>>> print(open('protein21.csv').read())   # CSV, C-alpha atoms and all ligand atoms
chain,number,residue,atom,x,y,z
A,1,MET,CA,144.9,85.7,156.8
A,2,ARG,CA,141.1,85.3,156.5
A,3,PHE,CA,138.9,87.7,158.4
A,4,LEU,CA,135.2,86.8,159.0
A,5,THR,CA,132.4,88.9,160.5
A,6,GLY,CA,128.6,89.1,160.3
A,7,LEU,CA,126.2,92.0,160.7
A,8,GLN,CA,122.6,91.6,161.5
A,9,PRO,CA,120.1,93.2,159.2
A,10,SER,CA,118.2,94.8,162.0
A,11,GLY,CA,117.5,98.3,160.7
A,12,GLN,CA,118.9,101.4,159.1
A,13,LEU,CA,122.7,101.7,159.5
A,14,HIS,CA,124.0,104.5,161.7
A,15,ILE,CA,127.4,106.0,162.0
A,16,GLY,CA,128.1,103.9,165.2
A,17,ASN,CA,127.8,100.8,163.0
A,18,TYR,CA,130.0,102.5,160.4
A,19,PHE,CA,132.9,103.4,162.7
A,20,GLY,CA,132.5,100.3,164.9
A,21,ALA,CA,132.0,97.6,162.3
A,22,ILE,CA,131.8,98.6,158.7
A,23,LYS,CA,134.9,100.8,158.3
A,24,PRO,CA,137.2,98.2,160.1
A,25,ALA,CA,135.8,95.4,157.9
A,26,VAL,CA,136.5,97.5,154.7
A,27,GLU,CA,140.0,98.3,155.9
A,28,LEU,CA,140.8,94.7,156.6
A,29,GLN,CA,140.2,93.9,152.9
A,30,GLU,CA,143.7,95.4,152.3
A,31,LYS,CA,145.3,93.1,154.9
A,32,GLY,CA,143.8,89.7,153.9
A,33,GLU,CA,140.8,87.9,152.7
A,34,GLY,CA,137.5,89.3,153.9
A,35,TYR,CA,134.6,86.9,154.6
A,36,TYR,CA,131.6,89.0,155.4
A,37,PHE,CA,127.9,88.0,155.7
A,38,ILE,CA,124.5,89.3,156.6
A,39,ALA,CA,123.3,87.4,159.6
A,40,ASN,CA,119.6,87.1,158.8
A,41,TYR,CA,119.1,83.8,160.7
A,42,HIS,CA,120.3,85.7,163.7
A,43,ALA,CA,118.0,88.6,163.1
A,44,MET,CA,115.1,86.2,163.2
A,45,THR,CA,115.6,85.7,166.9
A,46,THR,CA,114.4,89.3,167.5
A,47,MET,CA,112.5,90.2,164.3
A,48,THR,CA,109.2,88.6,163.4
A,49,ASP,CA,108.1,90.5,160.4
A,50,ALA,CA,109.1,88.7,157.1
A,51,ALA,CA,108.8,91.9,154.9
A,52,SER,CA,111.1,93.9,157.2
A,53,LEU,CA,113.6,91.0,157.3
A,54,ARG,CA,113.6,90.9,153.5
A,55,GLU,CA,113.9,94.6,153.1
A,56,ASN,CA,116.6,95.1,155.7
A,57,THR,CA,118.7,92.3,154.2
A,58,HIS,CA,118.6,93.9,150.8
A,59,ALA,CA,119.2,97.4,152.3
A,60,LEU,CA,122.2,96.1,154.3
A,61,ALA,CA,123.7,94.5,151.2
A,62,VAL,CA,123.4,97.8,149.3
A,63,ASP,CA,124.8,99.9,152.1
A,64,PHE,CA,127.7,97.7,152.9
A,65,LEU,CA,128.7,97.7,149.2
A,66,ALA,CA,128.2,101.5,149.1
A,67,CYS,CA,130.6,101.8,152.1
A,68,GLY,CA,133.4,100.1,150.2
A,69,LEU,CA,133.0,96.4,150.6
A,70,ASP,CA,134.6,95.2,147.4
A,71,PRO,CA,132.9,91.9,146.2
A,72,GLU,CA,135.9,91.1,144.0
A,73,LYS,CA,138.2,91.2,147.0
A,74,SER,CA,135.9,89.9,149.7
A,75,VAL,CA,133.4,87.0,149.8
A,76,PHE,CA,130.1,88.6,150.7
A,77,TRP,CA,126.9,86.6,151.2
A,78,VAL,CA,123.6,86.2,153.0
A,79,GLN,CA,123.7,83.7,155.8
A,80,SER,CA,120.6,81.8,154.9
A,81,ASP,CA,121.9,81.2,151.3
A,82,ILE,CA,124.3,78.6,152.9
A,83,PRO,CA,122.2,75.9,154.5
A,84,GLU,CA,125.4,74.0,155.6
A,85,VAL,CA,125.6,76.4,158.5
A,86,ASN,CA,122.5,74.8,160.1
A,87,GLU,CA,124.0,71.4,159.9
A,88,LEU,CA,127.2,72.5,161.6
A,89,SER,CA,125.2,74.3,164.2
A,90,TRP,CA,123.5,71.1,165.0
A,91,ILE,CA,126.7,69.1,165.2
A,92,LEU,CA,128.1,71.8,167.6
A,93,SER,CA,125.0,71.8,169.7
A,94,THR,CA,125.5,68.1,170.4
A,95,LEU,CA,128.8,69.0,172.0
A,96,CYS,CA,127.6,72.2,173.7
A,97,PRO,CA,126.9,72.0,177.4
A,98,MET,CA,123.8,73.7,178.6
A,99,GLY,CA,125.8,75.6,181.2
A,100,LEU,CA,127.9,77.3,178.4
A,101,LEU,CA,124.8,78.8,176.9
A,102,GLU,CA,123.2,79.6,180.3
A,103,ARG,CA,126.2,81.7,181.1
A,104,CYS,CA,125.8,83.9,178.0
A,105,HIS,CA,124.6,87.4,179.0
A,106,SER,CA,123.3,88.3,175.6
A,107,TYR,CA,120.3,85.9,176.0
A,108,LYS,CA,119.5,87.3,179.4
A,109,ASP,CA,119.9,90.9,178.2
A,110,LYS,CA,117.5,90.3,175.3
A,111,VAL,CA,114.9,88.6,177.5
A,112,THR,CA,115.1,91.5,179.9
A,113,LYS,CA,114.5,93.8,177.0
A,114,GLY,CA,111.3,91.9,176.3
A,115,PHE,CA,112.3,89.6,173.4
A,116,SER,CA,110.6,86.3,173.4
A,117,PRO,CA,112.8,83.7,175.2
A,118,SER,CA,112.8,81.2,172.2
A,119,HIS,CA,115.1,78.2,171.8
A,120,ALA,CA,116.8,80.1,168.9
A,121,LEU,CA,117.6,83.1,171.0
A,122,PHE,CA,119.1,80.8,173.6
A,123,ALA,CA,121.0,78.7,171.1
A,124,TYR,CA,122.2,81.8,169.2
A,125,PRO,CA,125.9,81.3,170.3
A,126,SER,CA,126.1,77.8,168.7
A,127,LEU,CA,124.8,79.2,165.4
A,128,MET,CA,127.3,82.0,165.7
A,129,ALA,CA,130.1,79.4,166.3
A,130,ALA,CA,129.0,77.6,163.2
A,131,ASP,CA,129.1,80.8,161.2
A,132,ILE,CA,132.7,81.2,162.2
A,133,LEU,CA,134.0,77.6,162.1
A,134,LEU,CA,132.4,76.7,158.8
A,135,TYR,CA,134.8,79.1,156.9
A,136,ASP,CA,138.2,78.2,158.3
A,137,CYS,CA,138.9,81.8,159.3
A,138,ASP,CA,141.8,83.1,161.2
A,139,ALA,CA,140.4,86.1,162.9
A,140,VAL,CA,137.0,87.5,163.8
A,141,PRO,CA,136.7,91.3,164.3
A,142,VAL,CA,133.7,92.1,166.6
A,143,GLY,CA,132.6,94.6,169.1
A,144,LYS,CA,133.1,94.1,172.9
A,145,ASP,CA,129.5,92.8,173.3
A,146,GLN,CA,130.4,89.7,171.2
A,147,LYS,CA,133.5,88.7,173.2
A,148,GLN,CA,131.7,86.0,175.1
A,149,HIS,CA,130.3,84.5,171.9
A,150,LEU,CA,133.8,84.2,170.6
A,151,GLU,CA,134.9,82.4,173.7
A,152,VAL,CA,132.0,79.9,173.2
A,153,THR,CA,133.1,79.5,169.6
A,154,ARG,CA,136.7,78.6,170.6
A,155,ASP,CA,135.4,76.3,173.3
A,156,LEU,CA,133.2,74.4,170.8
A,157,ALA,CA,136.0,74.2,168.3
A,158,THR,CA,138.2,72.6,170.9
A,159,LYS,CA,135.5,70.1,171.8
A,160,VAL,CA,135.1,69.2,168.2
A,161,ASN,CA,138.8,68.6,167.8
A,162,GLU,CA,138.9,66.6,171.0
A,163,ARG,CA,136.0,64.4,170.1
A,164,PHE,CA,136.4,63.9,166.3
A,165,GLY,CA,140.1,64.6,165.6
A,166,GLU,CA,142.9,67.0,166.3
A,167,GLY,CA,143.3,69.8,163.7
A,168,LEU,CA,139.8,69.2,162.2
A,169,ILE,CA,138.7,72.7,163.0
A,170,LYS,CA,140.7,75.9,163.0
A,171,LEU,CA,140.5,78.0,166.2
A,172,PRO,CA,139.9,81.6,165.2
A,173,GLU,CA,141.4,84.6,167.1
A,174,PRO,CA,139.0,87.3,168.2
A,175,ILE,CA,139.9,90.9,167.2
A,176,ILE,CA,138.0,92.9,169.8
A,177,SER,CA,137.7,96.5,168.9
A,178,GLU,CA,138.6,97.9,172.3
A,179,LEU,CA,140.4,100.7,170.5
A,180,THR,CA,137.4,101.7,168.4
A,181,ALA,CA,135.9,104.5,170.5
A,182,VAL,CA,132.3,104.1,171.2
A,183,VAL,CA,130.5,106.6,168.9
A,184,PRO,CA,128.2,108.8,171.0
A,185,GLY,CA,124.6,109.3,170.0
A,186,LEU,CA,123.0,112.6,169.4
A,187,ASP,CA,122.1,112.8,173.1
A,188,GLY,CA,125.6,111.8,174.3
A,189,GLN,CA,124.8,108.2,175.4
A,190,LYS,CA,126.2,105.3,173.2
A,191,MET,CA,124.7,105.6,169.8
A,192,SER,CA,122.3,102.7,169.4
A,193,LYS,CA,119.0,102.1,167.5
A,194,SER,CA,117.5,101.0,170.8
A,195,TYR,CA,118.1,104.5,172.3
A,196,GLY,CA,116.6,106.3,169.3
A,197,ASN,CA,119.7,108.6,169.2
A,198,THR,CA,121.2,107.6,165.9
A,199,LEU,CA,122.6,109.5,162.9
A,200,PRO,CA,122.1,107.4,159.8
A,201,ILE,CA,124.9,106.9,157.3
A,202,PHE,CA,122.4,107.4,154.4
A,203,GLY,CA,119.3,109.5,154.0
A,204,GLU,CA,117.9,112.7,152.5
A,205,GLU,CA,119.9,115.9,153.0
A,206,LYS,CA,117.2,118.1,154.5
A,207,PRO,CA,115.9,115.8,157.2
A,208,LEU,CA,119.4,114.9,158.2
A,209,ARG,CA,120.4,118.6,158.5
A,210,LYS,CA,117.3,119.1,160.6
A,211,LEU,CA,118.1,116.0,162.7
A,212,ILE,CA,121.6,117.4,163.6
A,213,ASN,CA,120.2,120.8,164.2
A,214,LYS,CA,117.4,119.8,166.4
A,215,LYS,CA,118.6,116.6,168.2
A,216,VAL,CA,122.3,117.1,169.0
A,217,VAL,CA,122.2,118.1,172.6
A,218,THR,CA,124.1,121.2,173.7
A,219,ASP,CA,124.1,123.2,176.9
A,220,ALA,CA,122.7,126.7,177.4
A,221,THR,CA,125.9,128.8,177.1
A,222,PRO,CA,124.9,132.2,175.5
A,223,LEU,CA,126.3,132.8,172.0
A,224,GLU,CA,128.9,135.4,173.0
A,225,ASP,CA,130.4,133.3,175.8
A,226,PRO,CA,133.2,130.6,175.5
A,227,LYS,CA,131.7,127.1,175.2
A,228,PRO,CA,132.9,124.0,177.1
A,229,THR,CA,134.9,121.6,175.0
A,230,GLU,CA,134.9,118.8,177.5
A,231,GLY,CA,131.9,116.6,177.0
A,232,SER,CA,130.8,118.4,173.9
A,233,ILE,CA,128.7,116.1,171.7
A,234,ILE,CA,129.2,118.3,168.7
A,235,LEU,CA,133.0,118.1,169.0
A,236,SER,CA,133.0,114.3,169.5
A,237,LEU,CA,131.0,113.8,166.4
A,238,TYR,CA,132.9,116.4,164.4
A,239,LYS,CA,136.2,114.7,165.2
A,240,LEU,CA,135.0,111.6,163.3
A,241,PHE,CA,134.5,113.6,160.0
A,242,ALA,CA,136.7,116.7,160.1
A,243,SER,CA,140.4,117.0,159.4
A,244,PRO,CA,142.7,117.6,162.4
A,245,ALA,CA,143.0,121.3,161.3
A,246,GLN,CA,139.2,121.7,161.1
A,247,TYR,CA,138.8,120.1,164.4
A,248,ASP,CA,141.3,122.4,166.1
A,249,GLU,CA,139.6,125.3,164.5
A,250,MET,CA,136.2,124.3,166.0
A,251,ILE,CA,137.9,123.8,169.4
A,252,ALA,CA,139.3,127.4,169.1
A,253,GLY,CA,135.9,128.6,168.1
A,254,HIS,CA,134.4,127.1,171.3
A,255,GLN,CA,137.1,128.6,173.5
A,256,ALA,CA,136.9,132.1,172.0
A,257,GLY,CA,133.1,132.6,172.3
A,258,GLY,CA,131.1,134.7,169.9
A,259,VAL,CA,129.9,131.8,167.8
A,260,GLY,CA,126.6,130.0,168.5
A,261,TYR,CA,125.9,126.3,168.6
A,262,GLY,CA,123.8,126.7,165.4
A,263,GLN,CA,127.0,127.5,163.5
A,264,PHE,CA,128.9,124.5,165.0
A,265,LYS,CA,126.0,122.2,164.1
A,266,LYS,CA,126.1,123.6,160.5
A,267,ASP,CA,129.8,122.8,160.3
A,268,LEU,CA,129.2,119.3,161.8
A,269,PHE,CA,126.5,118.6,159.1
A,270,GLU,CA,128.8,119.8,156.3
A,271,ALA,CA,131.7,117.6,157.4
A,272,TYR,CA,129.4,114.6,157.9
A,273,TRP,CA,127.8,115.1,154.5
A,274,GLU,CA,131.1,115.5,152.7
A,275,TYR,CA,132.5,112.4,154.5
A,276,PHE,CA,129.9,110.1,153.1
A,277,ARG,CA,129.8,111.7,149.6
A,278,THR,CA,131.6,108.9,147.8
A,279,ALA,CA,129.6,106.3,149.6
A,280,ARG,CA,126.4,108.1,148.7
A,281,GLU,CA,127.3,108.3,145.0
A,282,ARG,CA,128.3,104.6,145.0
A,283,ARG,CA,124.9,103.8,146.6
A,284,ALA,CA,123.0,105.7,144.0
A,285,ASP,CA,124.9,103.8,141.3
A,286,ILE,CA,124.1,100.4,142.9
A,287,LEU,CA,120.4,101.3,143.2
A,288,ALA,CA,120.3,102.3,139.6
A,289,LYS,CA,121.3,98.8,138.5
A,290,PRO,CA,118.3,96.7,139.5
A,291,ASP,CA,119.9,93.2,139.4
A,292,TYR,CA,123.3,94.2,140.7
A,293,VAL,CA,122.9,93.3,144.3
A,294,GLN,CA,121.3,90.0,143.7
A,295,GLU,CA,124.1,89.0,141.3
A,296,VAL,CA,126.8,90.0,143.7
A,297,MET,CA,125.2,88.1,146.6
A,298,THR,CA,124.5,85.0,144.4
A,299,GLN,CA,128.2,85.0,143.4
A,300,GLY,CA,129.2,85.5,147.0
A,301,ALA,CA,127.1,82.6,148.2
A,302,LEU,CA,128.6,80.4,145.6
A,303,ARG,CA,132.1,81.2,146.8
A,304,ALA,CA,131.2,80.9,150.5
A,305,ARG,CA,129.5,77.6,149.9
A,306,ALA,CA,132.5,76.2,148.2
A,307,THR,CA,134.5,76.8,151.4
A,308,ALA,CA,131.7,75.7,153.6
A,309,SER,CA,131.0,72.4,151.9
A,310,ILE,CA,134.7,71.3,152.3
A,311,THR,CA,134.7,72.0,156.0
A,312,LEU,CA,131.3,70.3,156.5
A,313,GLU,CA,132.2,67.2,154.5
A,314,ARG,CA,135.4,66.8,156.6
A,315,LEU,CA,133.3,67.0,159.8
A,316,ARG,CA,130.5,64.7,158.5
A,317,LYS,CA,133.1,62.1,157.8
A,318,ALA,CA,134.8,62.5,161.2
A,319,ALA,CA,131.5,62.5,163.0
A,320,GLY,CA,130.2,59.3,161.3
A,321,LEU,CA,127.4,61.2,159.4
A,322,SER,CA,128.7,60.3,155.9
A,323,TRP,CA,128.2,56.6,156.6
A,324,PHE,CA,128.4,54.8,153.2
B,1,LIG,P1,122.7,98.9,167.7
B,1,LIG,O1,123.3,99.2,169.1
B,1,LIG,O2,122.3,100.2,167.0
B,1,LIG,O3,121.6,97.9,167.8
B,1,LIG,P2,124.2,96.7,166.7
B,1,LIG,O4,124.2,96.1,168.1
B,1,LIG,O5,123.3,96.1,165.7
B,1,LIG,O6,123.8,98.3,166.9
B,1,LIG,O7,125.7,96.8,166.2
B,1,LIG,C1,126.2,96.3,165.0
B,1,LIG,C2,127.7,96.6,165.0
B,1,LIG,O8,128.0,98.0,165.1
B,1,LIG,C3,128.5,96.0,166.2
B,1,LIG,O9,129.7,95.5,165.6
B,1,LIG,C4,128.7,97.1,167.1
B,1,LIG,O10,129.9,96.9,167.9
B,1,LIG,C5,128.8,98.3,166.2
B,1,LIG,N1,128.3,99.5,166.9
B,1,LIG,C6,127.0,99.8,167.2
B,1,LIG,N2,126.9,100.9,167.8
B,1,LIG,C7,128.1,101.4,168.0
B,1,LIG,C8,128.6,102.7,168.6
B,1,LIG,N3,127.8,103.6,169.1
B,1,LIG,N4,130.0,102.8,168.6
B,1,LIG,C9,130.8,101.9,168.0
B,1,LIG,N5,130.4,100.8,167.4
B,1,LIG,C10,129.0,100.5,167.4
B,2,LIG,N1,126.1,88.3,166.8
B,2,LIG,C1,126.7,89.3,166.0
B,2,LIG,C2,126.0,90.7,166.4
B,2,LIG,O1,124.9,90.7,166.9
B,2,LIG,C3,126.4,89.1,164.5
B,2,LIG,C4,127.1,87.8,164.1
B,2,LIG,C5,126.4,86.6,163.8
B,2,LIG,C6,128.5,87.6,163.9
B,2,LIG,N2,127.3,85.7,163.4
B,2,LIG,C7,128.6,86.2,163.5
B,2,LIG,C8,129.6,88.4,164.1
B,2,LIG,C9,129.8,85.6,163.3
B,2,LIG,C10,130.9,87.8,163.9
B,2,LIG,C11,131.0,86.4,163.5
B,2,LIG,O2,126.6,91.7,166.1
>>> encode(input="protein21.csv", output="structure tokens")
Amino acid sequence: MRFLTGLQPSGQLHIGNYFGAIKPAVELQEKGEGYYFIANYHAMTTMTDAASLRENTHALAVDFLACGLDPEKSVFWVQSDIPEVNELSWILSTLCPMGLLERCHSYKDKVTKGFSPSHALFAYPSLMAADILLYDCDAVPVGKDQKQHLEVTRDLATKVNERFGEGLIKLPEPIISELTAVVPGLDGQKMSKSYGNTLPIFGEEKPLRKLINKKVVTDATPLEDPKPTEGSIILSLYKLFASPAQYDEMIAGHQAGGVGYGQFKKDLFEAYWEYFRTARERRADILAKPDYVQEVMTQGALRARATASITLERLRKAAGLSWF
């Protein structure tokens, strides 16, 4: 079973990204073959600054490895290191009805948010389909927001097979993480960098302690009174990091009263800090070896390209592009 997914290098990773995308990808390494990549061509549709794109790509590679992506088990690469993806994207776009792209809400949402309505932003789903179909994968784990893009991918794969030959391209199954709870932000809305309510996975201890202390929203229940457990942001976040016994203890602490939110936030910070200890140590090791990430990504690109070139050659022949 081959699993494939991509993550955009669009900024500092937060715990929503961790529980929604990174942890599931790391766990799937035990169930099959992971094909994971950094979607930097995609990030170009919304990021215009070259230095930020470069830095974020490097940072995401470091952080994904620190979180447990094993480059021996999985193939891990940067999208733009495999130029074949653009050729497949072009082939797919010749089969892609305008109406299919016009129906995609991600384009409309991004334009509403103020991003430039470029051709690349509009054609994003056909590049995403190429990302997926190039690597003969069986399943694609993604968040709910990507469901429609997976439908486009399957539509395009069907069209390729109808036009150029049955069985030419494998139709991947989506694995939509309906079950992965949406991680709440520090203010209780969905955690997202666009809402400025994130808790990063990595960072310095002091500012992070302060962030939790100052930014996790609580109500005004006095210290001595019992605190509501329903809708408590502290409890929802604590549940992600604490053992069931620790979590029950914090619930009991809320119900009993006599303990202030300051103490609960302190407990939350300690559990969070402990949870990412191994990842933090691994990250420090990675950063101490200056060429390590580049070597890993170069090897990953070689492996990815070996798969990509086979699929593409098959298609080039079928489509009449390899003409001699
Ligand atoms: P952001 O909303 O911060 O811009 P992205 O859209 O770049 O995050 O998300 C990257 C991945 O992380 C996606 O797979 C998405 O489903 C997951 N993700 C992001 N925020 C959350 C969250 N609050 N809870 C669960 N998963 C999330
Ligand atoms: N569009 C995805 C996102 O914004 C990232 C992505 C690009 C992707 N190509 C992919 C995810 C291929 C899965 C498979 O989160």
>>> residues_around(input="protein21.csv", residues="Cys67 (chain A)", least_positions_apart="2", cutoff="12 Å", atoms="only C-alpha atoms", output="PDB file with C-alpha atoms, keeping the file's coordinate frame")
ATOM      1  CA  LEU A  13     122.700 101.700 159.500  1.00  0.00           C
ATOM      2  CA  HIS A  14     124.000 104.500 161.700  1.00  0.00           C
ATOM      3  CA  ILE A  15     127.400 106.000 162.000  1.00  0.00           C
ATOM      4  CA  ASN A  17     127.800 100.800 163.000  1.00  0.00           C
ATOM      5  CA  TYR A  18     130.000 102.500 160.400  1.00  0.00           C
ATOM      6  CA  PHE A  19     132.900 103.400 162.700  1.00  0.00           C
ATOM      7  CA  ALA A  21     132.000  97.600 162.300  1.00  0.00           C
ATOM      8  CA  ILE A  22     131.800  98.600 158.700  1.00  0.00           C
ATOM      9  CA  LYS A  23     134.900 100.800 158.300  1.00  0.00           C
ATOM     10  CA  PRO A  24     137.200  98.200 160.100  1.00  0.00           C
ATOM     11  CA  ALA A  25     135.800  95.400 157.900  1.00  0.00           C
ATOM     12  CA  VAL A  26     136.500  97.500 154.700  1.00  0.00           C
ATOM     13  CA  GLU A  27     140.000  98.300 155.900  1.00  0.00           C
ATOM     14  CA  LEU A  60     122.200  96.100 154.300  1.00  0.00           C
ATOM     15  CA  ALA A  61     123.700  94.500 151.200  1.00  0.00           C
ATOM     16  CA  VAL A  62     123.400  97.800 149.300  1.00  0.00           C
ATOM     17  CA  ASP A  63     124.800  99.900 152.100  1.00  0.00           C
ATOM     18  CA  PHE A  64     127.700  97.700 152.900  1.00  0.00           C
ATOM     19  CA  LEU A  65     128.700  97.700 149.200  1.00  0.00           C
ATOM     20  CA  LEU A  69     133.000  96.400 150.600  1.00  0.00           C
ATOM     21  CA  ASP A  70     134.600  95.200 147.400  1.00  0.00           C
ATOM     22  CA  PRO A  71     132.900  91.900 146.200  1.00  0.00           C
ATOM     23  CA  ILE A 201     124.900 106.900 157.300  1.00  0.00           C
ATOM     24  CA  PHE A 202     122.400 107.400 154.400  1.00  0.00           C
ATOM     25  CA  TYR A 275     132.500 112.400 154.500  1.00  0.00           C
ATOM     26  CA  PHE A 276     129.900 110.100 153.100  1.00  0.00           C
ATOM     27  CA  ARG A 277     129.800 111.700 149.600  1.00  0.00           C
ATOM     28  CA  THR A 278     131.600 108.900 147.800  1.00  0.00           C
ATOM     29  CA  ALA A 279     129.600 106.300 149.600  1.00  0.00           C
ATOM     30  CA  ARG A 280     126.400 108.100 148.700  1.00  0.00           C
ATOM     31  CA  GLU A 281     127.300 108.300 145.000  1.00  0.00           C
ATOM     32  CA  ARG A 282     128.300 104.600 145.000  1.00  0.00           C
ATOM     33  CA  ARG A 283     124.900 103.800 146.600  1.00  0.00           C
ATOM     34  CA  ALA A 284     123.000 105.700 144.000  1.00  0.00           C
ATOM     35  CA  ILE A 286     124.100 100.400 142.900  1.00  0.00           C
TER      36      ILE A 286
END
>>> residues_around(input="protein21.csv", residues="Gly6 (chain A)", least_positions_apart="4", cutoff="8 Å", atoms="all atoms listed in the file", output="PyMOL selection string")
chain A and resi 36-39
>>> residues_near_point(input="protein21.csv", point="(121.9, 117.2, 169.5)", cutoff="6 Å", atoms="all atoms listed in the file", output="list in words")
Leu186, Asp187, Ile212, Lys215, Val216 and Val217 of chain A
>>> residues_near_ligand(input="protein21.csv", ligand="ligand LIG 2 (chain B)", cutoff="9 Å", atoms="only C-alpha atoms and all ligand atoms", output="PyMOL selection string")
chain A and resi 4-8+21+36-43+79+124-125+127-132+140-143+145-146+149-150
>>> write_last_selection(input="protein21.csv", atoms="C-alpha atoms", output="tab-separated table (two decimals), keeping the file's coordinate frame")
chain	number	residue	atom	x	y	z
A	4	LEU	CA	135.20	86.80	159.00
A	5	THR	CA	132.40	88.90	160.50
A	6	GLY	CA	128.60	89.10	160.30
A	7	LEU	CA	126.20	92.00	160.70
A	8	GLN	CA	122.60	91.60	161.50
A	21	ALA	CA	132.00	97.60	162.30
A	36	TYR	CA	131.60	89.00	155.40
A	37	PHE	CA	127.90	88.00	155.70
A	38	ILE	CA	124.50	89.30	156.60
A	39	ALA	CA	123.30	87.40	159.60
A	40	ASN	CA	119.60	87.10	158.80
A	41	TYR	CA	119.10	83.80	160.70
A	42	HIS	CA	120.30	85.70	163.70
A	43	ALA	CA	118.00	88.60	163.10
A	79	GLN	CA	123.70	83.70	155.80
A	124	TYR	CA	122.20	81.80	169.20
A	125	PRO	CA	125.90	81.30	170.30
A	127	LEU	CA	124.80	79.20	165.40
A	128	MET	CA	127.30	82.00	165.70
A	129	ALA	CA	130.10	79.40	166.30
A	130	ALA	CA	129.00	77.60	163.20
A	131	ASP	CA	129.10	80.80	161.20
A	132	ILE	CA	132.70	81.20	162.20
A	140	VAL	CA	137.00	87.50	163.80
A	141	PRO	CA	136.70	91.30	164.30
A	142	VAL	CA	133.70	92.10	166.60
A	143	GLY	CA	132.60	94.60	169.10
A	145	ASP	CA	129.50	92.80	173.30
A	146	GLN	CA	130.40	89.70	171.20
A	149	HIS	CA	130.30	84.50	171.90
A	150	LEU	CA	133.80	84.20	170.60
>>> atom_distance(input="protein21.csv", atom1="CA of Pro226 (chain A)", atom2="CA of Ala256 (chain A)")
5.3 Å
>>> closest_residue(input="protein21.csv", among="A:His105, A:Lys73, A:Lys227, A:Arg163", to="Ala319 (chain A)", atoms="all atoms listed in the file")
A:Arg163
>>> build_atoms(input="protein21.csv", residues="region 244-258 of chain A", atoms="N, CA and C atoms", output="PDB file, keeping the file's coordinate frame")
ATOM      1  N   PRO A 244     142.148 117.128 161.130  1.00  0.00           N
ATOM      2  CA  PRO A 244     142.700 117.600 162.400  1.00  0.00           C
ATOM      3  C   PRO A 244     142.649 119.165 162.473  1.00  0.00           C
ATOM      4  N   ALA A 245     142.965 119.816 161.342  1.00  0.00           N
ATOM      5  CA  ALA A 245     143.000 121.300 161.300  1.00  0.00           C
ATOM      6  C   ALA A 245     141.584 121.858 161.543  1.00  0.00           C
ATOM      7  N   GLN A 246     140.607 121.244 160.882  1.00  0.00           N
ATOM      8  CA  GLN A 246     139.200 121.700 161.100  1.00  0.00           C
ATOM      9  C   GLN A 246     138.756 121.515 162.497  1.00  0.00           C
ATOM     10  N   TYR A 247     139.163 120.376 163.063  1.00  0.00           N
ATOM     11  CA  TYR A 247     138.800 120.100 164.400  1.00  0.00           C
ATOM     12  C   TYR A 247     139.374 121.094 165.398  1.00  0.00           C
ATOM     13  N   ASP A 248     140.673 121.392 165.210  1.00  0.00           N
ATOM     14  CA  ASP A 248     141.300 122.400 166.100  1.00  0.00           C
ATOM     15  C   ASP A 248     140.647 123.742 165.941  1.00  0.00           C
ATOM     16  N   GLU A 249     140.228 124.044 164.737  1.00  0.00           N
ATOM     17  CA  GLU A 249     139.600 125.300 164.500  1.00  0.00           C
ATOM     18  C   GLU A 249     138.231 125.386 165.274  1.00  0.00           C
ATOM     19  N   MET A 250     137.516 124.262 165.308  1.00  0.00           N
ATOM     20  CA  MET A 250     136.200 124.300 166.000  1.00  0.00           C
ATOM     21  C   MET A 250     136.503 124.366 167.561  1.00  0.00           C
ATOM     22  N   ILE A 251     137.569 123.731 168.022  1.00  0.00           N
ATOM     23  CA  ILE A 251     137.900 123.800 169.400  1.00  0.00           C
ATOM     24  C   ILE A 251     138.199 125.333 169.752  1.00  0.00           C
ATOM     25  N   ALA A 252     138.998 125.963 168.892  1.00  0.00           N
ATOM     26  CA  ALA A 252     139.300 127.400 169.100  1.00  0.00           C
ATOM     27  C   ALA A 252     138.058 128.219 169.103  1.00  0.00           C
ATOM     28  N   GLY A 253     137.149 127.897 168.213  1.00  0.00           N
ATOM     29  CA  GLY A 253     135.900 128.600 168.100  1.00  0.00           C
ATOM     30  C   GLY A 253     135.069 128.484 169.421  1.00  0.00           C
ATOM     31  N   HIS A 254     135.110 127.290 170.025  1.00  0.00           N
ATOM     32  CA  HIS A 254     134.400 127.100 171.300  1.00  0.00           C
ATOM     33  C   HIS A 254     135.054 127.956 172.385  1.00  0.00           C
ATOM     34  N   GLN A 255     136.397 127.931 172.387  1.00  0.00           N
ATOM     35  CA  GLN A 255     137.100 128.600 173.500  1.00  0.00           C
ATOM     36  C   GLN A 255     136.977 130.144 173.377  1.00  0.00           C
ATOM     37  N   ALA A 256     136.891 130.645 172.144  1.00  0.00           N
ATOM     38  CA  ALA A 256     136.900 132.100 172.000  1.00  0.00           C
ATOM     39  C   ALA A 256     135.512 132.724 172.312  1.00  0.00           C
ATOM     40  N   GLY A 257     134.433 131.964 172.105  1.00  0.00           N
ATOM     41  CA  GLY A 257     133.100 132.600 172.300  1.00  0.00           C
ATOM     42  C   GLY A 257     132.725 133.387 171.055  1.00  0.00           C
ATOM     43  N   GLY A 258     131.505 133.882 171.041  1.00  0.00           N
ATOM     44  CA  GLY A 258     131.100 134.700 169.900  1.00  0.00           C
ATOM     45  C   GLY A 258     130.481 133.904 168.753  1.00  0.00           C
TER      46      GLY A 258
END
